[in-house]
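S.K.: Just one file: start_31.txt, with compact mmCIF, C-alpha atoms.
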```txt
# COMPACT_ATOMS: atom_id res chain seq x y z
CA MET A 1 0.00 0.00 0.00
CA SER A 2 1.70 3.15 -1.11
CA SER A 3 0.58 6.55 -0.09
CA ASN A 4 -1.12 8.65 -2.62
CA PRO A 5 -0.62 12.39 -3.07
CA GLY A 6 -4.27 13.18 -2.42
CA ASN A 7 -4.22 11.08 0.76
CA ASN A 8 -1.83 12.33 3.41
CA ARG A 9 -1.84 9.03 5.31
CA ARG A 10 1.60 7.74 6.06
CA CYS A 11 2.46 4.08 6.64
CA ALA A 12 3.04 2.97 10.23
CA GLY A 13 6.82 2.99 9.68
CA CYS A 14 7.01 6.52 8.33
CA LYS A 15 4.55 7.75 10.91
CA TYR A 16 6.59 6.22 13.75
CA LEU A 17 9.81 7.67 12.32
CA ARG A 18 8.05 11.02 11.75
CA ARG A 19 8.96 11.32 8.15
CA ARG A 20 7.10 11.84 4.93
CA CYS A 21 5.97 8.59 3.25
CA PRO A 22 7.14 8.47 -0.39
CA LYS A 23 5.09 6.84 -3.16
CA ASP A 24 7.50 3.94 -3.43
CA CYS A 25 7.88 3.44 0.36
CA LEU A 26 9.30 -0.04 1.02
CA LEU A 27 7.54 -0.32 4.40
CA ALA A 28 4.04 0.81 3.31
CA PRO A 29 2.73 -2.53 1.93
CA TYR A 30 3.74 -4.44 5.08
CA PHE A 31 3.11 -1.90 7.84
CA PRO A 32 -0.26 -0.21 7.19
CA PRO A 33 -1.23 2.99 9.02
CA ASN A 34 -4.12 1.28 10.86
CA ASN A 35 -1.74 -1.07 12.74
CA PRO A 36 1.06 1.02 14.27
CA LEU A 37 1.98 -1.58 16.93
CA ARG A 38 3.09 -3.96 14.18
CA PHE A 39 5.93 -1.62 13.18
CA GLU A 40 6.75 -0.49 16.74
CA SER A 41 7.65 -4.00 17.91
CA VAL A 42 9.76 -4.66 14.79
CA HIS A 43 11.52 -1.30 15.15
CA LYS A 44 12.33 -1.99 18.85
CA ILE A 45 13.98 -5.31 18.05
CA PHE A 46 15.52 -4.83 14.59
CA GLY A 47 15.62 -1.08 13.98
CA ALA A 48 13.99 0.70 11.04
CA SER A 49 17.05 0.66 8.77
CA ASN A 50 17.63 -3.08 9.35
CA VAL A 51 13.98 -3.81 8.57
CA ALA A 52 14.29 -1.89 5.30
CA LYS A 53 17.58 -3.66 4.42
CA LEU A 54 16.08 -7.08 5.17
CA LEU A 55 13.04 -6.38 3.02
CA GLN A 56 15.24 -5.17 0.13
CA GLN A 57 17.30 -8.39 0.23
CA VAL A 58 14.23 -10.60 -0.10
CA ALA A 59 12.51 -11.23 -3.45
CA GLU A 60 9.46 -9.03 -3.88
CA ASP A 61 7.00 -11.94 -3.88
CA ARG A 62 8.38 -13.13 -0.50
CA ARG A 63 8.54 -9.76 1.27
CA ALA A 64 5.10 -10.06 2.90
CA GLU A 65 6.17 -13.39 4.40
CA ALA A 66 9.48 -11.89 5.58
CA ALA A 67 7.65 -8.95 7.19
CA ASP A 68 5.28 -11.35 8.97
CA CYS A 69 8.25 -13.38 10.24
CA MET A 70 9.95 -10.24 11.57
CA VAL A 71 6.73 -9.18 13.30
CA TYR A 72 6.36 -12.61 14.88
CA GLU A 73 9.99 -12.70 16.04
CA ALA A 74 9.74 -9.15 17.39
CA SER A 75 6.53 -9.88 19.33
CA SER A 76 8.13 -13.06 20.70
CA ARG A 77 11.21 -11.10 21.79
CA VAL A 78 9.04 -8.50 23.50
CA SER A 79 7.13 -11.17 25.43
CA ASN A 80 10.21 -13.36 26.07
CA PRO A 81 13.42 -11.27 25.73
CA VAL A 82 15.78 -14.19 26.40
CA TYR A 83 14.45 -16.90 24.07
CA GLY A 84 12.07 -15.10 21.70
CA CYS A 85 10.29 -17.43 19.31
CA ALA A 86 12.77 -20.22 20.18
CA GLY A 87 11.17 -20.32 23.63
CA MET A 88 7.77 -20.76 22.01
CA ILE A 89 9.14 -23.50 19.75
CA TYR A 90 10.67 -25.28 22.74
CA GLN A 91 7.38 -25.05 24.64
CA LEU A 92 5.45 -26.45 21.68
CA GLN A 93 7.97 -29.30 21.30
CA GLU A 94 7.47 -30.19 24.98
CA GLU A 95 3.72 -30.26 24.44
CA ILE A 96 4.19 -32.52 21.41
CA VAL A 97 6.29 -34.94 23.50
CA LYS A 98 3.64 -34.97 26.25
CA VAL A 99 0.88 -35.65 23.73
CA GLN A 100 2.93 -38.43 22.09
CA LEU A 101 3.45 -40.04 25.51
CA GLU A 102 -0.26 -39.79 26.18
CA ILE A 103 -1.00 -41.39 22.80
CA GLN A 104 1.38 -44.26 23.63
CA ASN A 105 -0.30 -44.66 27.02
CA VAL A 106 -3.74 -44.83 25.41
CA LYS A 107 -2.48 -47.30 22.78
CA GLY A 108 -1.13 -49.47 25.60
CA LYS A 109 -4.47 -49.37 27.40
CA ILE A 110 -6.27 -50.28 24.18
CA ALA A 111 -3.89 -53.22 23.60
CA LEU A 112 -4.42 -54.38 27.20
CA HIS A 113 -8.19 -54.12 26.80
CA ASN A 114 -8.08 -56.07 23.52
CA ALA A 115 -5.89 -58.76 25.12
CA GLN A 116 -8.29 -59.05 28.05
CA GLN A 117 -11.24 -59.37 25.69
CA SER A 118 -9.41 -62.02 23.67
CA PHE A 119 -8.41 -63.91 26.82
CA SER A 120 -11.98 -63.74 28.11
CA SER A 121 -13.26 -65.16 24.82
CA VAL A 122 -10.70 -68.00 24.89
CA LEU A 123 -11.54 -68.71 28.54
CA GLN A 124 -15.25 -68.92 27.73
CA GLN A 125 -14.55 -71.31 24.86
CA GLN A 126 -12.36 -73.43 27.12
CA GLN A 127 -15.05 -73.54 29.82
CA GLN A 128 -17.63 -74.53 27.23
CA LEU A 129 -15.39 -77.34 25.97
CA GLN A 130 -14.82 -78.52 29.54
CA GLU A 131 -18.58 -78.60 30.16
CA GLU A 132 -19.12 -80.59 26.96
CA HIS A 133 -16.32 -83.00 27.93
CA LYS A 134 -17.79 -83.37 31.42
CA GLU A 135 -21.21 -84.21 29.93
CA ARG A 136 -19.64 -86.84 27.66
CA VAL A 137 -17.69 -88.32 30.59
CA ILE A 138 -20.83 -88.47 32.71
CA GLY A 139 -22.65 -90.22 29.84
CA VAL A 140 -19.83 -92.77 29.47
CA VAL A 141 -19.61 -93.32 33.25
CA GLY A 142 -23.37 -93.85 33.40
CA ALA A 143 -23.15 -96.41 30.61
CA SER A 144 -20.18 -98.12 32.28
CA ASN A 145 -22.12 -98.36 35.56
CA ASP A 146 -24.73 -100.37 33.67
CA VAL A 147 -21.93 -102.63 32.45
CA HIS A 148 -20.68 -103.24 36.05
CA HIS A 149 -23.97 -104.91 36.92
CA MET A 150 -23.57 -107.44 34.12
CA GLY A 151 -21.66 -110.65 34.32
CA LEU A 152 -18.30 -111.12 32.60
CA GLN A 153 -19.77 -112.80 29.55
CA GLU A 154 -22.46 -110.10 29.22
CA GLN A 155 -19.87 -107.31 29.56
CA CYS A 156 -17.74 -108.79 26.81
CA ALA A 157 -20.82 -109.27 24.66
CA TYR A 158 -21.76 -105.66 25.34
CA ASN A 159 -18.30 -104.46 24.29
CA LEU A 160 -17.60 -106.82 21.36
CA GLY A 161 -20.97 -108.07 20.27
CA THR A 162 -22.30 -111.61 20.99
CA THR A 163 -21.16 -113.41 17.84
CA GLU A 164 -17.61 -112.05 17.99
CA LEU A 165 -17.33 -112.98 21.67
CA ASP A 166 -18.52 -116.53 21.12
CA GLU A 167 -16.04 -117.06 18.31
CA PHE A 168 -13.24 -115.54 20.38
CA LEU A 169 -13.88 -117.41 23.63
CA TRP A 170 -15.16 -120.79 22.36
CA PRO A 171 -14.28 -122.60 19.25
CA ALA A 172 -17.24 -123.44 17.00
CA SER A 173 -17.08 -127.10 17.96
CA GLU A 174 -18.00 -126.32 21.60
CA VAL A 175 -20.95 -123.98 20.91
CA ASN A 176 -24.20 -124.86 19.12
CA SER A 177 -26.16 -122.52 16.87
CA ASP A 178 -28.13 -121.09 19.85
CA HIS A 179 -24.89 -120.01 21.47
CA HIS A 180 -25.12 -122.69 24.18
CA PHE A 181 -22.29 -124.89 25.28
CA ILE A 182 -22.22 -128.49 24.20
CA ASN A 183 -21.42 -130.71 27.11
```
Take the structure I supplied and represent it as structure tokens, if you would.
M.R.:
Amino acid sequence: MSSNPGNNRRCAGCKYLRRRCPKDCLLAPYFPPNNPLRFESVHKIFGASNVAKLLQQVAEDRRAEAADCMVYEASSRVSNPVYGCAGMIYQLQEEIVKVQLEIQNVKGKIALHNAQQSFSSVLQQQQQLQEEHKERVIGVVGASNDVHHMGLQEQCAYNLGTTELDEFLWPASEVNSDHHFIN
């Protein structure tokens, strides 16, 4: 923003330095008259001539960015004279580390929760299998109790089948067709 001959408004830099603002003022586009504090902080830290030299050294399309950086550094130096914006950067890095630790903590809790859920599921499956096994064992024990009340020949017949038992225990010459012994 350059001053115009009909408008006697000076840029914040020229106004602060109490000089006339030329048409091609280097400071005018970056330090408008409606924001005098922007130039004051930069002037306190860098000085008006250094600000002008810095802006001249930067390509014209990057000057607005350079002016913003100088304003930020100057305001940081005013609020923290020792560290300036480096103090702010350090503080933000500490916050990042704290947040990363918190994220790791939450990830650990999530992993623990998932492991507990998985273990609980496996435990339930194991208990169900044990119950099924117990029911099968009880069924087998009940059937074997019935076998204990039988005689030896009946138990073998129960386990092997009558025909197989007869052939195993007695040769065919000793047993008739009704499965009775021949005396």
S.K.: Extract, using only C-alpha atoms, all DNA, RNA and protein residues at most 8 Å from Cys11 (chain A), discarding same-chain residues fewer than 3 positions from it, and format them as a list in words.
M.R.: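 The residues satisfying every condition are Ser2, Ser3, Cys14, Lys15, Cys21, Leu27, Ala28, Phe31, Pro32 and Pro33 of chain A.
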S.K.: Quote the spacing between CA of Arg10 (chain A) and CA of Pro22 (chain A) in Å to one decimal place.
M.R.: 8.5 Å
S.K.: Skip region 49-61 of chain A itself and residues of its chain fewer than 4 positions away, then list as a list in words all residues within 8 Å of it, counting all atoms listed in the file.
M.R.: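 My reading of the contact set: Leu26, Leu27, Val42, His43, Ala66 and Ala67 of chain A.
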S.K.: Go ahead and write the residues just picked, C-alpha atoms, as a PDB file, in the coordinates of the input.
M.R.:
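The resulting result38.pdb:
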```pdb
ATOM      1  CA  LEU A  26       9.300  -0.040   1.020  1.00  0.00           C
ATOM      2  CA  LEU A  27       7.540  -0.320   4.400  1.00  0.00           C
ATOM      3  CA  VAL A  42       9.760  -4.660  14.790  1.00  0.00           C
ATOM      4  CA  HIS A  43      11.520  -1.300  15.150  1.00  0.00           C
ATOM      5  CA  ALA A  66       9.480 -11.890   5.580  1.00  0.00           C
ATOM      6  CA  ALA A  67       7.650  -8.950   7.190  1.00  0.00           C
TER       7      ALA A  67
END
```
S.K.: CA of Val78 (chain A) to CA of Arg38 (chain A): how many Å, to one decimal?
M.R.: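 Going from CA of Val78 (chain A) over to CA of Arg38 (chain A) covers 12.0 Å.
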S.K.: My list of candidates is A:Lys109, A:Lys44, A:Lys134, A:Lys23. Which is closest to Ala74 (chain A) when distances are computed with all atoms listed in the file?
M.R.: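 The closest residue to Ala74 (chain A) is A:Lys44.
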S.K.: Could you please determine the separation between CA of Arg62 (chain A) and CA of Val82 (chain A) in Å, to one decimal place?
M.R.: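 These atoms are spaced 27.9 Å apart.
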S.K.: Determine, counting all atoms listed in the file, which protein, DNA and RNA residues have an atom within 10 Å of an atom of Glu73 (chain A); residues of the same chain fewer than 5 positions away are not included. Present the result as an MDAnalysis selection string.
M.R.: chainID A and resid 41:42 45:46 67:68 78:79 84:86
S.K.: Please provide as a JSON list (two decimals) with C-alpha atoms, in the coordinates of the input all residues within 8 Å of Tyr16 (chain A), with the sequence filter that same-chain residues fewer than 3 positions apart are discarded (counting all atoms listed in the file).
M.R.:
```json
[["chain", "number", "residue", "atom", "x", "y", "z"],
["A", 12, "ALA", "CA", 3.04, 2.97, 10.23],
["A", 13, "GLY", "CA", 6.82, 2.99, 9.68],
["A", 19, "ARG", "CA", 8.96, 11.32, 8.15],
["A", 36, "PRO", "CA", 1.06, 1.02, 14.27],
["A", 39, "PHE", "CA", 5.93, -1.62, 13.18],
["A", 40, "GLU", "CA", 6.75, -0.49, 16.74]]
```
